Amino acid sequence: MSFIENIKYKFKTGSIIEKLIYINIGIFALTLLITVLQGLYRGQTSFIIEWFSLDDNFNNLLTKPWTIVSYGFLHSGFIHLLFNMIGLYFIGNLFIQYFTQKQALNFYILGTVFGGIFYLLSQNYFPLFEGSSSRLVGASAGVSAIFIGLATYMPNYQISIRFIGFVKVWHLAAIWLAFDFIGLIGPNAGGSFSHLGGALFGFLYVNQASNKKIDILGSFFSLFKRKEKPLQTVYKSKTKKTAKKTKAPSQQQIDAILDKISKSGYDTLTKAEKEFLFKQGKN
């Protein structure tokens, strides 16, 4: 199998996260090639950057509306691309363990749109940016949407980091947001605003806008939630008392298992715990 055929096969069989990475790398390679060719003819700016990056002028958005999305697939350099793709790979693959691949694509695209809107508003509102001109490129807003959405959904999930140990997702998300907040007055202020826009989308989507769609395990876990019943005066037999005595330990065990899932994920359960949950779900 040739190199090109191998790439085609991996793209066809890969997850949506892998497809997004391949697309970003392919567009970067094409942009680099065109930039070199234009440079030989004294071209100033690659026409791909010219036509597909997001300009800070609202009027340009009206003539090139696709740039509110297309900028999320462009990068200013190899290091920019490398860090974004590393983040997308690790965060995205964890994301699709709990959400659908379609939702991962929605987070990336709509997070990019939100990031673009935040960028435009910041560049045209704050006095800091008066008299300056800039263009926005990068997948960071989409990656931020995926990351913050994941952290909102399961904040206590722990990730093992070499030389550090286990760290909760929300701790990493807080550091991520802190750097972007500090960067609002830095040299890449426009980029920081776009990151925060993507992050806001991820938070709102999970926390409010599409709670029913996102709650993938909710219907399963609802089987084990204790339901309050109104107080009734009924005949109490020995059989009923026995049933109540055996129900409490089972509920305690269920609560302990669900707490373990919320902190470390379903995959950390033992075989016995998974079987216990399955049996309880059939009752």
# chains A, B, ... in the order shown; residues from 1 in each chain; ligands from 1

call {"tool": "select_by_dssp", "arguments": {"residues": "segment 113-145 of chain A", "states": "alpha helix (DSSP H)", "output": "ChimeraX atom specification"}}
result
/A:113-125,140-145

call {"tool": "write_last_selection", "arguments": {"atoms": "C-alpha atoms", "output": "tab-separated table (two decimals), in the first residue's frame"}}
result
chain	number	residue	atom	x	y	z
A	113	VAL	CA	-18.11	30.33	15.10
A	114	PHE	CA	-18.48	31.59	18.68
A	115	GLY	CA	-14.74	32.25	18.81
A	116	GLY	CA	-14.94	34.26	15.60
A	117	ILE	CA	-17.82	36.34	16.94
A	118	PHE	CA	-15.92	37.11	20.15
A	119	TYR	CA	-12.88	38.08	18.09
A	120	LEU	CA	-14.87	40.48	15.90
A	121	LEU	CA	-16.63	42.09	18.85
A	122	SER	CA	-13.39	42.58	20.76
A	123	GLN	CA	-11.53	44.09	17.80
A	124	ASN	CA	-14.30	46.58	17.09
A	125	TYR	CA	-15.29	47.52	20.64
A	140	SER	CA	-7.99	26.84	19.22
A	141	ALA	CA	-11.57	28.10	19.57
A	142	GLY	CA	-12.95	24.73	18.43
A	143	VAL	CA	-10.57	22.84	20.71
A	144	SER	CA	-11.55	25.11	23.62
A	145	ALA	CA	-15.23	24.35	23.02

call {"tool": "atom_distance", "arguments": {"atom1": "atom CA of Phe107 of chain A", "atom2": "atom CA of Lys64 of chain A"}}
result
22.3 Å

call {"tool": "closest_atom_pairs", "arguments": {"of": "segment 25-106 of chain A", "to": "segment 11-15 of chain A", "cutoff": "9 Å", "atoms": "only C-alpha atoms", "output": "JSON lines"}}
result
{"residue": "A:Asn93", "atom": "CA", "partner": "A:Ser15", "partner_atom": "CA", "distance": 8.6}
{"residue": "A:Ile96", "atom": "CA", "partner": "A:Ser15", "partner_atom": "CA", "distance": 8.8}
{"residue": "A:Gln101", "atom": "CA", "partner": "A:Ser15", "partner_atom": "CA", "distance": 7.3}

call {"tool": "residues_around", "arguments": {"residues": "Leu150 of chain A", "least_positions_apart": "4", "cutoff": "10 Å", "atoms": "only C-alpha atoms", "output": "JSON, numbers by chain"}}
result
{"A": [91, 92, 94, 95, 96, 98, 99, 144, 145, 146, 154, 155, 157, 169, 170, 173, 202, 203, 206]}

call {"tool": "write_last_selection", "arguments": {"atoms": "all heavy atoms", "output": "short mmCIF file (atom, residue, chain, number, x, y, z; two decimals), in the first residue's frame"}}
result
data_model
loop_
_atom_site.label_atom_id
_atom_site.label_comp_id
_atom_site.auth_asym_id
_atom_site.auth_seq_id
_atom_site.Cartn_x
_atom_site.Cartn_y
_atom_site.Cartn_z
N ILE A 91 -7.72 15.66 23.83
CA ILE A 91 -9.01 16.09 24.37
C ILE A 91 -10.16 15.52 23.55
O ILE A 91 -11.17 15.06 24.09
CB ILE A 91 -9.08 17.63 24.39
CG1 ILE A 91 -8.02 18.19 25.35
CG2 ILE A 91 -10.47 18.10 24.82
CD1 ILE A 91 -7.84 19.68 25.27
N GLY A 92 -10.00 15.53 22.22
CA GLY A 92 -11.06 15.04 21.35
C GLY A 92 -11.34 13.56 21.52
O GLY A 92 -12.50 13.13 21.54
N LEU A 94 -10.84 11.76 24.20
CA LEU A 94 -11.54 11.58 25.47
C LEU A 94 -13.00 12.01 25.33
O LEU A 94 -13.91 11.37 25.88
CB LEU A 94 -10.85 12.40 26.57
CG LEU A 94 -11.47 12.32 27.96
CD1 LEU A 94 -11.52 10.89 28.48
CD2 LEU A 94 -10.70 13.22 28.93
N PHE A 95 -13.24 13.07 24.58
CA PHE A 95 -14.59 13.59 24.38
C PHE A 95 -15.50 12.56 23.72
O PHE A 95 -16.64 12.36 24.14
CB PHE A 95 -14.50 14.85 23.51
CG PHE A 95 -15.81 15.55 23.29
CD1 PHE A 95 -16.23 16.56 24.13
CD2 PHE A 95 -16.63 15.21 22.21
CE1 PHE A 95 -17.43 17.22 23.92
CE2 PHE A 95 -17.83 15.86 21.99
CZ PHE A 95 -18.23 16.87 22.86
N ILE A 96 -15.01 11.88 22.68
CA ILE A 96 -15.88 10.95 21.95
C ILE A 96 -16.08 9.63 22.69
O ILE A 96 -16.81 8.76 22.21
CB ILE A 96 -15.34 10.67 20.52
CG1 ILE A 96 -13.93 10.08 20.58
CG2 ILE A 96 -15.37 11.94 19.69
CD1 ILE A 96 -13.38 9.73 19.20
N TYR A 98 -17.54 9.76 25.52
CA TYR A 98 -18.77 10.07 26.25
C TYR A 98 -19.82 10.75 25.38
O TYR A 98 -20.99 10.81 25.76
CB TYR A 98 -18.44 10.96 27.46
CG TYR A 98 -17.54 10.27 28.44
CD1 TYR A 98 -16.15 10.37 28.34
CD2 TYR A 98 -18.07 9.48 29.46
CE1 TYR A 98 -15.32 9.72 29.23
CE2 TYR A 98 -17.25 8.83 30.35
CZ TYR A 98 -15.88 8.95 30.24
OH TYR A 98 -15.06 8.28 31.12
N PHE A 99 -19.44 11.28 24.23
CA PHE A 99 -20.35 11.93 23.32
C PHE A 99 -20.25 11.28 21.95
O PHE A 99 -19.34 10.52 21.67
CB PHE A 99 -20.03 13.43 23.20
CG PHE A 99 -20.05 14.16 24.50
CD1 PHE A 99 -18.87 14.48 25.16
CD2 PHE A 99 -21.25 14.54 25.08
CE1 PHE A 99 -18.89 15.15 26.37
CE2 PHE A 99 -21.27 15.22 26.29
CZ PHE A 99 -20.10 15.51 26.93
N SER A 144 -11.09 24.59 22.33
CA SER A 144 -11.55 25.11 23.62
C SER A 144 -12.99 24.71 23.89
O SER A 144 -13.35 24.37 25.02
CB SER A 144 -11.43 26.65 23.65
OG SER A 144 -10.08 27.05 23.62
N ALA A 145 -13.83 24.74 22.86
CA ALA A 145 -15.23 24.35 23.02
C ALA A 145 -15.33 22.89 23.46
O ALA A 145 -16.11 22.54 24.35
CB ALA A 145 -16.00 24.57 21.72
N ILE A 146 -14.54 22.03 22.83
CA ILE A 146 -14.55 20.61 23.17
C ILE A 146 -14.04 20.41 24.59
O ILE A 146 -14.63 19.65 25.39
CB ILE A 146 -13.69 19.82 22.17
CG1 ILE A 146 -14.34 19.85 20.79
CG2 ILE A 146 -13.48 18.39 22.63
CD1 ILE A 146 -13.50 19.20 19.69
N MET A 154 -18.12 16.49 33.03
CA MET A 154 -17.57 15.62 34.09
C MET A 154 -16.32 16.29 34.71
O MET A 154 -15.19 15.89 34.42
CB MET A 154 -17.23 14.24 33.54
CG MET A 154 -16.44 14.22 32.27
SD MET A 154 -16.16 12.52 31.72
CE MET A 154 -14.80 12.77 30.59
N PRO A 155 -16.55 17.31 35.52
CA PRO A 155 -15.44 18.10 36.07
C PRO A 155 -14.49 17.31 36.96
O PRO A 155 -13.31 17.66 37.08
CB PRO A 155 -16.16 19.19 36.88
CG PRO A 155 -17.50 18.61 37.19
CD PRO A 155 -17.85 17.78 35.99
N TYR A 157 -13.56 14.16 36.60
CA TYR A 157 -12.82 13.10 35.91
C TYR A 157 -11.33 13.38 36.05
O TYR A 157 -10.87 14.51 35.87
CB TYR A 157 -13.22 13.05 34.44
CG TYR A 157 -12.60 11.91 33.67
CD1 TYR A 157 -13.27 10.70 33.55
CD2 TYR A 157 -11.34 12.04 33.08
CE1 TYR A 157 -12.72 9.64 32.84
CE2 TYR A 157 -10.78 10.98 32.38
CZ TYR A 157 -11.47 9.79 32.26
OH TYR A 157 -10.91 8.75 31.57
N VAL A 169 -10.14 17.18 35.61
CA VAL A 169 -10.32 17.91 34.35
C VAL A 169 -10.60 19.38 34.60
O VAL A 169 -10.11 20.25 33.88
CB VAL A 169 -11.45 17.27 33.52
CG1 VAL A 169 -11.79 18.14 32.32
CG2 VAL A 169 -11.05 15.89 33.05
N TRP A 170 -11.39 19.69 35.63
CA TRP A 170 -11.75 21.09 35.84
C TRP A 170 -10.55 21.91 36.28
O TRP A 170 -10.50 23.12 36.01
CB TRP A 170 -12.91 21.21 36.83
CG TRP A 170 -12.57 21.12 38.29
CD1 TRP A 170 -12.62 20.02 39.09
CD2 TRP A 170 -12.14 22.20 39.13
NE1 TRP A 170 -12.25 20.33 40.36
CE2 TRP A 170 -11.95 21.67 40.42
CE3 TRP A 170 -11.89 23.56 38.93
CZ2 TRP A 170 -11.53 22.44 41.50
CZ3 TRP A 170 -11.47 24.33 40.00
CH2 TRP A 170 -11.29 23.77 41.26
N ALA A 173 -8.90 22.76 33.06
CA ALA A 173 -9.72 23.75 32.36
C ALA A 173 -9.54 25.13 32.96
O ALA A 173 -9.50 26.14 32.24
CB ALA A 173 -11.20 23.34 32.41
N GLY A 202 -18.90 25.89 24.62
CA GLY A 202 -18.83 24.55 25.21
C GLY A 202 -19.55 24.47 26.54
O GLY A 202 -20.27 23.51 26.81
N PHE A 203 -19.38 25.50 27.35
CA PHE A 203 -20.04 25.53 28.66
C PHE A 203 -21.55 25.63 28.52
O PHE A 203 -22.30 24.86 29.14
CB PHE A 203 -19.51 26.70 29.48
CG PHE A 203 -20.26 26.92 30.76
CD1 PHE A 203 -20.05 26.11 31.86
CD2 PHE A 203 -21.21 27.95 30.86
CE1 PHE A 203 -20.75 26.31 33.03
CE2 PHE A 203 -21.91 28.16 32.03
CZ PHE A 203 -21.68 27.33 33.12
N VAL A 206 -23.40 22.40 27.05
CA VAL A 206 -23.56 21.29 27.99
C VAL A 206 -24.45 21.67 29.15
O VAL A 206 -25.34 20.92 29.55
CB VAL A 206 -22.18 20.84 28.52
CG1 VAL A 206 -22.33 19.79 29.60
CG2 VAL A 206 -21.35 20.27 27.38
#

call {"tool": "closest_residue", "arguments": {"among": "A:Ile182, A:Thr31, A:Asn156, A:Leu128", "to": "Lys260 of chain A", "atoms": "only C-alpha atoms"}}
result
A:Asn156

call {"tool": "atom_distance", "arguments": {"atom1": "atom CA of Thr112 of chain A", "atom2": "atom CA of Tyr9 of chain A"}}
result
27.5 Å

call {"tool": "closest_residue", "arguments": {"among": "A:Gln208, A:Gln38, A:Ser70, A:Ser132", "to": "Asn24 of chain A", "atoms": "only C-alpha atoms"}}
result
A:Ser70

call {"tool": "select_by_dssp", "arguments": {"residues": "segment 14-141 of chain A", "states": "strand (DSSP E)", "output": "ChimeraX atom specification"}}
result
/A:54-55,135-136

call {"tool": "residues_around", "arguments": {"residues": "Thr67 of chain A", "least_positions_apart": "3", "cutoff": "12 Å", "atoms": "only C-alpha atoms", "output": "PyMOL selection string"}}
result
chain A and resi 48-58+60-64+70-74+109+112-113+115-117+120+135-138

call {"tool": "atom_distance", "arguments": {"atom1": "atom CA of Ser160 of chain A", "atom2": "atom CA of Gly77 of chain A"}}
result
29.6 Å

call {"tool": "residues_around", "arguments": {"residues": "Tyr22 of chain A", "least_positions_apart": "2", "cutoff": "12 Å", "atoms": "only C-alpha atoms", "output": "ChimeraX atom specification"}}
result
/A:7-12,14-20,24-29,73,81,85,88-89

call {"tool": "closest_residue", "arguments": {"among": "A:Phe193, A:Phe276, A:Phe147, A:Phe78", "to": "Trp176 of chain A", "atoms": "only C-alpha atoms"}}
result
A:Phe147

call {"tool": "decode", "arguments": {"residues": "segment 5-18 of chain A", "atoms": "C-alpha atoms", "output": "PDB file, in the first residue's frame"}}
result
ATOM      1  CA  GLU A   5      -3.348   5.124  -0.228  1.00  0.00           C
ATOM      2  CA  ASN A   6      -2.446   4.552   3.414  1.00  0.00           C
ATOM      3  CA  ILE A   7      -3.425   8.126   4.258  1.00  0.00           C
ATOM      4  CA  LYS A   8      -6.702   7.737   2.387  1.00  0.00           C
ATOM      5  CA  TYR A   9      -7.481   4.520   4.248  1.00  0.00           C
ATOM      6  CA  LYS A  10      -6.715   6.042   7.653  1.00  0.00           C
ATOM      7  CA  PHE A  11      -8.821   9.075   6.843  1.00  0.00           C
ATOM      8  CA  LYS A  12     -11.745   6.935   5.706  1.00  0.00           C
ATOM      9  CA  THR A  13     -11.663   4.619   8.736  1.00  0.00           C
ATOM     10  CA  GLY A  14     -10.627   7.177  11.355  1.00  0.00           C
ATOM     11  CA  SER A  15     -12.798   8.922  13.923  1.00  0.00           C
ATOM     12  CA  ILE A  16     -14.094  12.462  13.409  1.00  0.00           C
ATOM     13  CA  ILE A  17     -11.224  13.732  15.558  1.00  0.00           C
ATOM     14  CA  GLU A  18      -8.673  12.021  13.313  1.00  0.00           C
TER      15      GLU A  18
END
